[in-house]
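Colleague: Just passing along the structure, written as structure tokens.
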Amino acid sequence: AAISPAGPVTLCNGDSILLSASAGTNYSYQWSYNNMIIPDADSIFFYAKQAGNYRVIISDNICSQTSPAFVLNHFPSIVPAIQSSGIIQPCTNDSLNLSLLVNYNSYNWSSGETTASIYINQTGYYQVTVTDNYGCNMSSSPFIVSNSFLNPPNICIVGVDSLNHNRLVWERQNNALIDSFYVYRESFIAGQYNKIGALSFSETSLFVDINSNPAVQAYRYKIAAVDTCGGQTLLSDYHKTIHLTINAGLNGSWNLIWDGYEGFVFNTYRIYRGTSTNNMSLLTQLPSSSVSYTDLNPPTGVVYYQIEVVKASGCYPDTTSSKANTNYNTSRSNTANNGNITPVYLTADFNGDIQSGIWPIQVSFTDYSSGAPDNWYWSFGDGNTSIEQNPNHTYNNTGIYNVSLVACNGNTCDTIIKQDYIEVLPNGMVEIGVEMSAMLYPNPNDGSFTLEINDKGTHKLDLHIYNNIGSEVYSDQFRSSEKTLKKINLQTLSNGVYYVHLNTERAVIYRSKVVINK
């Protein structure tokens with residue numbers, strides 16, 4: 001047993017290397033790290049990342065061998081740590097110097113500079129990515145700077161307004177040193193927020209994001225306060241809107257899935273439903289841990305849904321002079337409806353590749369059920385069953401058999417029964433009890449058939465012939481004794497398959513299928 005490459009290898013912290021074990025027929029593999037088995041590491045390949053000793057145990061049908069250790073080391077790189085000198089006093093032109101404790105080969109600050117140290121005077125989160133002598137890239141933790149004497153404000157609630165735009169509400173701090181507020185929205189880069197608007201301190205602290213589209217996605221927002229000297233606070237904690245989507249469930253039900261609210265603690269989601277956006281009523285309530293709901297009994301036609309959360313303490317977007325009369329304590333999602341969605345119904349269906357044949361026959365059954373079933377129960381009509389989706393079944397006795405399929409998705413099921421679906425024909429001469437045998441020939445032909453019966457006794461027989469839809473197209477009554485040859489003229493019938501039943505007064509004693517092909 002061996003590992004390639006042989007090692008030792010030294011990497012930057014966070015990098016990995018692909019290890020491969022010796023190949024062979026019927027080999028099985030188990031990798032270990034520092035003499036401890038690595039769960040689920042049973043492939044011929046393994047990516048090693050942590051510094052330490054790696055081995056592989058290779059086994060075949062006879063024995064097992066353990067490879068020599070592959071040693072992985074890390075370069076002694078030092079993660080950059082930002083230090084500052086100086087101080088920023090609010091309402092001044094002071095600046096702060098940011099530098100690192102260790103020298104590196106290159107620097108890339110989040111503010112865009114590439115020097116070993118930078119001077120800053122703006123509020124923000126500063127970070128630097130460096131490359132050391134080993135070629136390893138590392139990033140520092142964020143260094144927080146504020147040039148304002150104000151505390152960051154807090155968003156009270158965000159949600160969708162009646163015009164289908166996102167609305168932010170916050171309660172103004174009672175502080176004459178606040179000049180205005182900035183509103184930020186998360187960009188397409190996670191954690192990066194762009195300024196999208198501003199409100200003066202004298203305005204009602206309610207901001208509508210007219211460029212938002214709540215039907216498309218959930219949005220995260222933050223705000224900041226600006227003091228009378230122009231200094232900006234750090235950004236507030238974010239609040240995230242609710243985004244609701246809908247898809248078709250089974251048998252006319254509708255599945256609701258939402259991206260939940262984030263920003264304050266709540267216990268309950270409220271789900272509203274209506275046949276228009278103007279008549280929504282409470283459908284049900286769910287715990288705040290929920291992210292989905294299936295409406296099993298919706299009204300017919302177009303149905304509208306909306307999700308709501310309530311902030312118990314309320315939200316009042318105050319002005320400089322008074323509290324607003326409206327309590328904005330609820331956040332609702334976008335309104336979703338089923339108007340352009342086709343309902344999905346669970347319908348059992350199947351097909352057999354052979355529906356008639358000479359004994360014995362094997363039939364391959366294929367499930368064609370709609371509604372995404374996940375379990376099946378077949379009954380082949382001869383006492384045998386199956387729970388496979390697409391089973392094969394051999395019929396070992398002549399006869400006509402009903403086949404049924406029960407298709408289920410979870411607890412929702414549908415059943416289909418195909419009557420007289422499989423016909424197993426006799427192979428040549430058929431013994432009828434111990435007294436008679438019968439054979440129909442030539443088959444197929446143009447409609448002129450001979451029914452040969454060998455009878456040890458004498459019997460009164462009834463002959464019936466049916467078409468594919470079960471209508472009788474020929475009948476006759478006669479007696480058999482010893483060897484009886486009965487001519488059957490079906491030449492007036494059209495081409496196709498017909499079913500022959502021969503019976504005594506007590507039972508059907510012979511069944512067969514004939515094909516007319518002129």
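Naming works like this for the structure tokens: A, B, ... for the chains as they're shown, residue 1 at the start of each chain, ligands 1 onward in shown order.
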DSSP on the backbone, then: every residue of range 260-312 of chain A marked strand (DSSP E), written as a PDB file with C-alpha atoms, in the first residue's frame.
Modeller:
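Saved as part-v5.pdb:
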ATOM      1  CA  THR A 268     -45.423  33.104  15.101  1.00  0.00           C
ATOM      2  CA  TYR A 269     -45.930  33.338  11.350  1.00  0.00           C
ATOM      3  CA  ARG A 270     -49.429  34.260  10.207  1.00  0.00           C
ATOM      4  CA  ILE A 271     -50.594  32.997   6.813  1.00  0.00           C
ATOM      5  CA  TYR A 272     -53.286  34.938   4.971  1.00  0.00           C
ATOM      6  CA  ARG A 273     -55.316  33.647   2.012  1.00  0.00           C
ATOM      7  CA  GLY A 274     -57.877  35.138  -0.341  1.00  0.00           C
ATOM      8  CA  SER A 281     -58.176  36.562   5.708  1.00  0.00           C
ATOM      9  CA  LEU A 282     -56.170  34.643   8.283  1.00  0.00           C
ATOM     10  CA  LEU A 283     -55.760  31.010   7.227  1.00  0.00           C
ATOM     11  CA  THR A 284     -53.522  29.627   9.957  1.00  0.00           C
ATOM     12  CA  GLN A 285     -50.624  30.398  12.309  1.00  0.00           C
ATOM     13  CA  LEU A 286     -47.317  28.537  12.540  1.00  0.00           C
ATOM     14  CA  PRO A 287     -44.298  28.669  14.881  1.00  0.00           C
ATOM     15  CA  SER A 292     -43.209  26.040   4.546  1.00  0.00           C
ATOM     16  CA  TYR A 293     -46.908  25.189   4.565  1.00  0.00           C
ATOM     17  CA  THR A 294     -49.206  23.130   2.311  1.00  0.00           C
ATOM     18  CA  ASP A 295     -52.774  24.331   1.798  1.00  0.00           C
ATOM     19  CA  TYR A 304     -53.527  34.685  -3.136  1.00  0.00           C
ATOM     20  CA  TYR A 305     -51.270  34.169  -0.109  1.00  0.00           C
ATOM     21  CA  GLN A 306     -49.204  36.388   2.181  1.00  0.00           C
ATOM     22  CA  ILE A 307     -47.024  35.779   5.268  1.00  0.00           C
ATOM     23  CA  GLU A 308     -46.958  38.124   8.271  1.00  0.00           C
ATOM     24  CA  VAL A 309     -44.995  38.592  11.483  1.00  0.00           C
ATOM     25  CA  VAL A 310     -45.869  40.945  14.352  1.00  0.00           C
TER      26      VAL A 310
END
Colleague: Env of range 169-171 of chain A: 8 Å cut, atoms = only C-alpha atoms, seq-sep filter 2 positions within chain, self excluded. Answer as an NGL selection string.
Modeller: :A and (154-158 or 167 or 173 or 205-207 or 315-318 or 328)
Colleague: Of the residues A:Ile417, A:Cys408, A:Val145, A:Cys229, which is the one nearest to Leu250 in chain A, using only C-alpha atoms?
Modeller: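 Result for the nearest residue to Leu250 in chain A: A:Cys408.
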Colleague: Which neighbours of range 111-125 of chain A fall inside 9 Å, counting only C-alpha atoms, when residues of the same chain fewer than 2 positions from it are skipped, and could you give them as a list in words?
Modeller: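 Answer for this query is Ile88, Asn93, Asp94, Ser95, Leu96, Asn97, Leu98, Ser99, Leu100, Asn103, Tyr104, Ser106, Tyr107, Asn108, Trp109, Gln127, Val128, Pro142, Phe143, Ile144, Val145, Ser146, Asn147, Ser148, Gly231, Gln232, Thr233, Leu234 and Leu235 of chain A.
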Colleague: Would you put the residues from that selection into a file with C-alpha atoms, as a PDB file, in the first residue's frame?
Modeller:
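Printed below is out.pdb as written:
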ATOM      1  CA  ILE A  88     -10.306  60.423  15.744  1.00  0.00           C
ATOM      2  CA  ASN A  93     -10.230  66.506  10.750  1.00  0.00           C
ATOM      3  CA  ASP A  94      -8.320  63.925  12.748  1.00  0.00           C
ATOM      4  CA  SER A  95      -7.110  60.762  11.048  1.00  0.00           C
ATOM      5  CA  LEU A  96      -6.037  57.350  12.261  1.00  0.00           C
ATOM      6  CA  ASN A  97      -3.024  55.337  11.130  1.00  0.00           C
ATOM      7  CA  LEU A  98      -3.591  51.625  10.523  1.00  0.00           C
ATOM      8  CA  SER A  99      -0.597  49.310  10.204  1.00  0.00           C
ATOM      9  CA  LEU A 100       0.453  45.704  10.839  1.00  0.00           C
ATOM     10  CA  ASN A 103       6.031  43.036   7.398  1.00  0.00           C
ATOM     11  CA  TYR A 104       4.676  41.239   4.304  1.00  0.00           C
ATOM     12  CA  SER A 106       2.241  42.798  -0.550  1.00  0.00           C
ATOM     13  CA  TYR A 107      -0.835  44.492   0.912  1.00  0.00           C
ATOM     14  CA  ASN A 108      -4.387  44.995  -0.313  1.00  0.00           C
ATOM     15  CA  TRP A 109      -6.577  47.097   1.996  1.00  0.00           C
ATOM     16  CA  GLN A 127      -9.516  44.834   6.487  1.00  0.00           C
ATOM     17  CA  VAL A 128      -6.277  43.917   4.735  1.00  0.00           C
ATOM     18  CA  PRO A 142     -12.074  43.647  10.416  1.00  0.00           C
ATOM     19  CA  PHE A 143     -10.887  46.733  12.295  1.00  0.00           C
ATOM     20  CA  ILE A 144     -13.796  48.971  13.301  1.00  0.00           C
ATOM     21  CA  VAL A 145     -13.523  52.770  13.086  1.00  0.00           C
ATOM     22  CA  SER A 146     -16.184  55.389  13.898  1.00  0.00           C
ATOM     23  CA  ASN A 147     -15.820  59.153  13.431  1.00  0.00           C
ATOM     24  CA  SER A 148     -19.151  60.007  15.073  1.00  0.00           C
ATOM     25  CA  GLY A 231     -19.753  62.136  10.971  1.00  0.00           C
ATOM     26  CA  GLN A 232     -21.499  58.844  10.245  1.00  0.00           C
ATOM     27  CA  THR A 233     -22.144  56.060  12.721  1.00  0.00           C
ATOM     28  CA  LEU A 234     -21.434  52.431  12.062  1.00  0.00           C
ATOM     29  CA  LEU A 235     -24.217  50.580  10.268  1.00  0.00           C
TER      30      LEU A 235
END
Colleague: Which residues are close to Val473 in chain A, i.e. within 9 Å by only C-alpha atoms, leaving aside same-chain residues fewer than 6 positions away? Reply as a list in words.
Modeller: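 The neighbour list is His464, Ile465, Tyr466, Asn467, Leu490, Leu493 and Tyr498 of chain A.
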Colleague: Using only C-alpha atoms, find the one residue out of A:Thr131, A:Thr385, A:Asn409, A:Ser22 that sits nearest to Ile57 in chain A.
Modeller: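 For Ile57 in chain A, the nearest of the given residues is A:Ser22.
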Colleague: I need the residue nearest Tyr33 in chain A from this list: A:Ala69, A:Ile196, A:Ala2, A:Met138. Use only C-alpha atoms for the distance.
Modeller: A:Ala69
Colleague: So that I can see what lies close to range 59-68 of chain A, please list as a list in words the residues with an atom at most 8 Å from it, counting only C-alpha atoms and leaving out residues fewer than 3 positions away in the same chain.
Modeller: Ala1, Ala2, Ile3, Thr25, Asn26, Tyr27, Ser28, Tyr29, Arg55 and Val56 of chain A
Colleague: Which of these residues is nearest to Ser313 in chain A, using only C-alpha atoms: A:Ile358, A:Asn443, A:Asn327, A:His165?
Modeller: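 Checking each of A:Ile358, A:Asn443, A:Asn327, A:His165 against Ser313 in chain A, counting only C-alpha atoms, the winner is A:Asn327.
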Colleague: Give me the residues near Gly230 in chain A as number ranges by chain, where near means some atom within 10 Å (using only C-alpha atoms) and where sequence neighbours in that chain fewer than 5 positions away do not count.
Modeller: A: 90-91, 147-148, 178-180, 225
Colleague: Determine the nearest neighbour of Val130 in chain A from the options A:Pro343, A:Gly86, A:Gly399, A:Pro80, counting only C-alpha atoms.
Modeller: A:Pro80
Colleague: Using only C-alpha atoms, which of A:Ser512, A:Ser289, A:Asn503, A:Ser404 sits nearest Ser386 in chain A?
Modeller: A:Ser404
Colleague: Just to confirm, what's the straight-line distance from CA of Ile509 in chain A to CA of Gly457 in chain A in Å (one decimal)?
Modeller: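 Between CA of Ile509 in chain A and CA of Gly457 in chain A the gap is 14.6 Å.
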Colleague: Which distance in Å separates CA of Phe350 in chain A and CA of Asp374 in chain A, to one decimal?
Modeller: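 Taking CA of Phe350 in chain A and CA of Asp374 in chain A, their separation equals 14.7 Å.
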Colleague: Please report the interatomic distance between CA of Val265 in chain A and CA of Pro153 in chain A in Å with one decimal.
Modeller: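 If I compute the distance from CA of Val265 in chain A to CA of Pro153 in chain A, I get 17.8 Å.
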